[in-house]
Amino acid sequence: MNTTTAPQIAGNREESTSSKALWPSVRHVAASLFQTYPRLPVLVVLFSGIALAASLIMDLSLSYKVLAAALMASSSFVWGFWARASHIRRFPPLSHLHRRQYAATWDSLAGAREEAYSAAAGHYKDEDKLRRSAAETVRNLTDLAPVRAVDDVLEVGCGVGRIGRELAQTCATWTGSDISANMLSIAASRLEGLSNVRLVQLHAVSLSEFENNSFDVVYFTNMLYHLDEMDRWQYVQEAFRVLRPDGRIFMDNIDMESQAGWDMFARDAIRYKDLERPPYTPRYSNAAEFAVYFQRAGFAGIQAHHRSPLVIVTGVKPSAE
Ligand SMILES: C[S@@+](CC[C@H](N)C(=O)[O-])C[C@H]1O[C@@H](n2cnc3c(N)ncnc32)[C@H](O)[C@@H]1O
């Protein structure tokens, strides 16, 4: 997950947000212009180069030469900026899909391995970085769920098996489930040879593929902010059903109550102000939302763990009387 901390919003929130709005809007206009006309920067550099050469050959006045040189310098800068920006992977807008078309959305984002790595975990293109990126979540799961050597563990929304690849070494069995067949097929190739691992495709917002009381830990990481709130609730109820008595649930989301989480939300609000919001646009949350679901579903021992920008909420299915 990309959890880069944005600049702090200081002092008066309204004032600072509006003053910060200018730069993203300029960038947004420039980006849309260059996306529509990708050859524009190079043409402007060429044009200003010719103008500079002509002003030197024809020995025009100093102001012409300075103007042409300034145009060439600034357009080269813009060209460089554009060349760098165009190397950053951009996700397709998928504006023909709505949020709850989860399978279609995520299959589109996971058409090829590299794309799937980026969609699942940020800009991790190579295997080593992807594996290292799992360390923090594995530590949180081990400390807070907690995951133990005897446990049967289920991840919902496992993507390419980034966490499972590491966590499977610490538990009895690890089951990865996901709604995207494309994500699962990449996960299958990454997890090949691990004997305590299985992958299961989900066909709806439900865990109907699994029996009642069949896991010790069910966790959701780096996925709930893509879901509609009622679907989060649906999954909490399903997790309760498939957990054994004393089984633990673990959910994380970007915490709007943390400064870093709020900054991410505020930045998205500016970025998407006048744009169609793609179906995977994050929907951040806070501990109270999950605590209500957990309580209503019947979990006990509910705890919120603040790990800015994340909040992790854990709970326990009460033991049978
Ligand atoms: C950002 S990725 C995170 C993957 C993984 N948890 C990780 O941290 O590497 C979100 C995953 O959730 C899956 N997903 C999206 N909507 C889902 C849904 N309704 N049910 C189950 N999985 C879903 C996607 O296919 C994708 O693999």
# chains A, B, ... in the order shown; residues from 1 in each chain; ligands from 1
call {"tool": "residues_near_ligand", "arguments": {"ligand": "ligand 1", "cutoff": "6 Å", "atoms": "only C-alpha atoms and all ligand atoms", "output": "tab-separated table (two decimals) with C-alpha atoms, in the first residue's frame"}}
result
chain	number	residue	atom	x	y	z
A	102	TYR	CA	-15.71	-5.68	-7.84
A	106	TRP	CA	-10.11	-5.94	-10.17
A	119	ALA	CA	-2.85	-2.60	-7.95
A	120	ALA	CA	-2.43	-4.94	-5.00
A	121	ALA	CA	0.33	-3.18	-3.15
A	156	VAL	CA	-10.37	-12.08	2.29
A	157	GLY	CA	-9.17	-10.05	-0.72
A	158	CYS	CA	-5.73	-11.69	-0.83
A	159	GLY	CA	-4.67	-10.23	-4.19
A	162	ARG	CA	1.59	-10.83	-0.90
A	163	ILE	CA	0.81	-11.40	2.79
A	178	ASP	CA	-10.47	-13.08	-3.64
A	179	ILE	CA	-13.21	-11.98	-6.02
A	180	SER	CA	-10.78	-11.49	-8.91
A	183	MET	CA	-5.44	-11.80	-9.01
A	205	VAL	CA	-19.71	-10.41	-1.16
A	221	THR	CA	-5.98	-5.92	4.93
A	222	ASN	CA	-5.49	-3.19	2.39
A	223	MET	CA	-8.84	-3.94	0.76
call {"tool": "closest_atom_pairs", "arguments": {"of": "stretch 265-317 of chain A", "to": "stretch 232-238 of chain A", "cutoff": "10 Å", "atoms": "only C-alpha atoms", "output": "JSON lines"}}
result
{"residue": "A:Glu289", "atom": "CA", "partner": "A:Trp233", "partner_atom": "CA", "distance": 9.4}
{"residue": "A:Phe290", "atom": "CA", "partner": "A:Trp233", "partner_atom": "CA", "distance": 8.3}
{"residue": "A:Val292", "atom": "CA", "partner": "A:Trp233", "partner_atom": "CA", "distance": 9.3}
{"residue": "A:Tyr293", "atom": "CA", "partner": "A:Trp233", "partner_atom": "CA", "distance": 5.9}
{"residue": "A:Phe294", "atom": "CA", "partner": "A:Val236", "partner_atom": "CA", "distance": 6.8}
{"residue": "A:Gln295", "atom": "CA", "partner": "A:Val236", "partner_atom": "CA", "distance": 10.0}
{"residue": "A:Arg296", "atom": "CA", "partner": "A:Gln237", "partner_atom": "CA", "distance": 8.7}
{"residue": "A:Ala297", "atom": "CA", "partner": "A:Gln237", "partner_atom": "CA", "distance": 5.5}
{"residue": "A:Gly298", "atom": "CA", "partner": "A:Gln237", "partner_atom": "CA", "distance": 8.6}
{"residue": "A:Phe299", "atom": "CA", "partner": "A:Val236", "partner_atom": "CA", "distance": 9.5}
call {"tool": "residues_around", "arguments": {"residues": "A:Val242", "least_positions_apart": "3", "cutoff": "10 Å", "atoms": "only C-alpha atoms", "output": "list of chain:residue names"}}
result
A:Leu154, A:Leu207, A:Ser208, A:Glu209, A:Phe210, A:Glu211, A:Asn212, A:Asn213, A:Ser214, A:Phe215, A:Asp216, A:Val217, A:Val218, A:Gln237, A:Glu238, A:Ala239, A:Pro245, A:Gly247
call {"tool": "select_by_dssp", "arguments": {"residues": "stretch 23-198 of chain A", "states": "strand (DSSP E or B)", "output": "JSON, numbers by chain"}}
result
{"A": [152, 153, 154, 155, 156, 173, 174, 175, 176, 177, 178, 197, 198]}
call {"tool": "write_last_selection", "arguments": {"atoms": "N, CA and C atoms", "output": "compact mmCIF listing (two decimals), in the first residue's frame"}}
result
# COMPACT_ATOMS: atom_id res chain seq x y z
N ASP A 152 -5.68 -22.00 11.65
CA ASP A 152 -6.14 -21.99 10.25
C ASP A 152 -6.58 -20.56 9.96
N VAL A 153 -5.94 -19.96 8.96
CA VAL A 153 -6.11 -18.53 8.72
C VAL A 153 -6.73 -18.29 7.35
N LEU A 154 -7.69 -17.34 7.30
CA LEU A 154 -8.32 -16.96 6.03
C LEU A 154 -8.06 -15.47 5.76
N GLU A 155 -7.54 -15.16 4.56
CA GLU A 155 -7.48 -13.76 4.14
C GLU A 155 -8.58 -13.53 3.10
N VAL A 156 -9.35 -12.45 3.28
CA VAL A 156 -10.37 -12.08 2.29
C VAL A 156 -9.79 -10.92 1.47
N THR A 173 -2.47 -23.49 8.45
CA THR A 173 -2.89 -23.39 7.04
C THR A 173 -3.24 -21.94 6.75
N TRP A 174 -3.01 -21.55 5.50
CA TRP A 174 -3.41 -20.19 5.07
C TRP A 174 -4.28 -20.35 3.83
N THR A 175 -5.49 -19.77 3.88
CA THR A 175 -6.40 -19.78 2.73
C THR A 175 -6.52 -18.35 2.22
N GLY A 176 -6.26 -18.18 0.94
CA GLY A 176 -6.41 -16.86 0.33
C GLY A 176 -7.65 -16.86 -0.52
N SER A 177 -8.54 -15.86 -0.29
CA SER A 177 -9.76 -15.79 -1.11
C SER A 177 -9.82 -14.41 -1.76
N ASP A 178 -10.38 -14.36 -2.93
CA ASP A 178 -10.47 -13.08 -3.64
C ASP A 178 -11.59 -13.18 -4.68
N VAL A 197 -1.06 -24.06 1.79
CA VAL A 197 -1.76 -22.91 1.22
C VAL A 197 -2.84 -23.37 0.25
N ARG A 198 -4.00 -22.69 0.26
CA ARG A 198 -4.98 -22.92 -0.82
C ARG A 198 -5.62 -21.59 -1.20
call {"tool": "closest_residue", "arguments": {"among": "A:Phe91, A:Tyr225, A:Tyr280, A:Phe240", "to": "A:Asp255", "atoms": "only C-alpha atoms"}}
result
A:Tyr225
call {"tool": "closest_residue", "arguments": {"among": "A:Leu71, A:Ser185, A:Ala54, A:Lys273", "to": "A:Pro41", "atoms": "only C-alpha atoms"}}
result
A:Leu71
call {"tool": "select_by_dssp", "arguments": {"residues": "stretch 202-267 of chain A", "states": "alpha helix (DSSP H)", "output": "list of chain:residue names"}}
result
A:Glu229, A:Met230, A:Asp231, A:Arg232, A:Trp233, A:Gln234, A:Tyr235, A:Val236, A:Gln237, A:Glu238, A:Ala239, A:Phe240, A:Arg241, A:Val242, A:Gln259, A:Ala260, A:Gly261, A:Trp262, A:Asp263, A:Met264, A:Phe265, A:Ala266, A:Arg267
call {"tool": "write_last_selection", "arguments": {"atoms": "N, CA and C atoms", "output": "tab-separated table (two decimals), in the first residue's frame"}}
result
chain	number	residue	atom	x	y	z
A	229	GLU	N	-19.71	0.54	2.17
A	229	GLU	CA	-19.82	0.29	3.62
A	229	GLU	C	-20.73	-0.91	3.93
A	230	MET	N	-21.82	-1.07	3.20
A	230	MET	CA	-22.72	-2.19	3.51
A	230	MET	C	-22.05	-3.53	3.18
A	231	ASP	N	-21.15	-3.51	2.21
A	231	ASP	CA	-20.41	-4.74	1.91
A	231	ASP	C	-19.37	-5.06	3.00
A	232	ARG	N	-18.84	-4.01	3.61
A	232	ARG	CA	-17.93	-4.25	4.76
A	232	ARG	C	-18.72	-4.96	5.86
A	233	TRP	N	-19.91	-4.46	6.12
A	233	TRP	CA	-20.77	-5.05	7.16
A	233	TRP	C	-21.10	-6.50	6.82
A	234	GLN	N	-21.41	-6.73	5.53
A	234	GLN	CA	-21.73	-8.08	5.06
A	234	GLN	C	-20.57	-9.04	5.38
A	235	TYR	N	-19.35	-8.58	5.10
A	235	TYR	CA	-18.19	-9.43	5.34
A	235	TYR	C	-17.93	-9.66	6.84
A	236	VAL	N	-18.24	-8.67	7.67
A	236	VAL	CA	-18.04	-8.86	9.12
A	236	VAL	C	-18.96	-9.99	9.60
A	237	GLN	N	-20.21	-9.99	9.12
A	237	GLN	CA	-21.16	-11.04	9.55
A	237	GLN	C	-20.68	-12.41	9.06
A	238	GLU	N	-20.17	-12.43	7.83
A	238	GLU	CA	-19.70	-13.69	7.28
A	238	GLU	C	-18.45	-14.19	8.03
A	239	ALA	N	-17.60	-13.25	8.40
A	239	ALA	CA	-16.39	-13.64	9.16
A	239	ALA	C	-16.81	-14.27	10.49
A	240	PHE	N	-17.83	-13.68	11.12
A	240	PHE	CA	-18.31	-14.22	12.40
A	240	PHE	C	-18.77	-15.68	12.20
A	241	ARG	N	-19.47	-15.90	11.11
A	241	ARG	CA	-20.01	-17.25	10.85
A	241	ARG	C	-18.88	-18.28	10.63
A	242	VAL	N	-17.87	-17.92	9.86
A	242	VAL	CA	-16.84	-18.93	9.51
A	242	VAL	C	-15.77	-19.08	10.59
A	259	GLN	N	-3.71	12.17	11.37
A	259	GLN	CA	-3.38	13.30	10.50
A	259	GLN	C	-3.03	12.80	9.09
A	260	ALA	N	-2.21	11.73	9.03
A	260	ALA	CA	-1.79	11.23	7.72
A	260	ALA	C	-2.98	10.73	6.91
A	261	GLY	N	-3.93	10.05	7.61
A	261	GLY	CA	-5.12	9.55	6.93
A	261	GLY	C	-5.99	10.70	6.43
A	262	TRP	N	-6.12	11.72	7.27
A	262	TRP	CA	-6.91	12.88	6.85
A	262	TRP	C	-6.26	13.55	5.63
A	263	ASP	N	-4.94	13.66	5.67
A	263	ASP	CA	-4.23	14.30	4.55
A	263	ASP	C	-4.48	13.54	3.24
A	264	MET	N	-4.50	12.21	3.34
A	264	MET	CA	-4.76	11.41	2.13
A	264	MET	C	-6.17	11.67	1.61
A	265	PHE	N	-7.11	11.72	2.55
A	265	PHE	CA	-8.50	11.97	2.17
A	265	PHE	C	-8.64	13.37	1.53
A	266	ALA	N	-8.02	14.38	2.18
A	266	ALA	CA	-8.14	15.76	1.69
A	266	ALA	C	-7.49	15.88	0.30
A	267	ARG	N	-6.38	15.16	0.12
A	267	ARG	CA	-5.70	15.21	-1.19
A	267	ARG	C	-6.59	14.58	-2.28
call {"tool": "closest_atom_pairs", "arguments": {"of": "stretch 149-193 of chain A", "to": "stretch 139-142 of chain A", "cutoff": "10 Å", "atoms": "only C-alpha atoms", "output": "JSON lines"}}
result
{"residue": "A:Ala149", "atom": "CA", "partner": "A:Thr142", "partner_atom": "CA", "distance": 9.9}
{"residue": "A:Ile163", "atom": "CA", "partner": "A:Leu141", "partner_atom": "CA", "distance": 9.9}
{"residue": "A:Leu167", "atom": "CA", "partner": "A:Leu141", "partner_atom": "CA", "distance": 8.6}
{"residue": "A:Thr170", "atom": "CA", "partner": "A:Thr142", "partner_atom": "CA", "distance": 8.5}
{"residue": "A:Cys171", "atom": "CA", "partner": "A:Thr142", "partner_atom": "CA", "distance": 9.7}
call {"tool": "write_last_selection", "arguments": {"atoms": "C-alpha atoms", "output": "PDB file, in the first residue's frame"}}
result
ATOM      1  CA  ALA A 149       1.439 -21.742  14.699  1.00  0.00           C
ATOM      2  CA  ILE A 163       0.807 -11.396   2.793  1.00  0.00           C
ATOM      3  CA  LEU A 167       2.277 -15.511   6.805  1.00  0.00           C
ATOM      4  CA  THR A 170       3.862 -18.943  10.714  1.00  0.00           C
ATOM      5  CA  CYS A 171       0.488 -20.755  10.820  1.00  0.00           C
TER       6      CYS A 171
END
call {"tool": "atom_distance", "arguments": {"atom1": "atom CA of A:Ala145", "atom2": "atom CA of A:Thr314"}}
result
6.5 Å
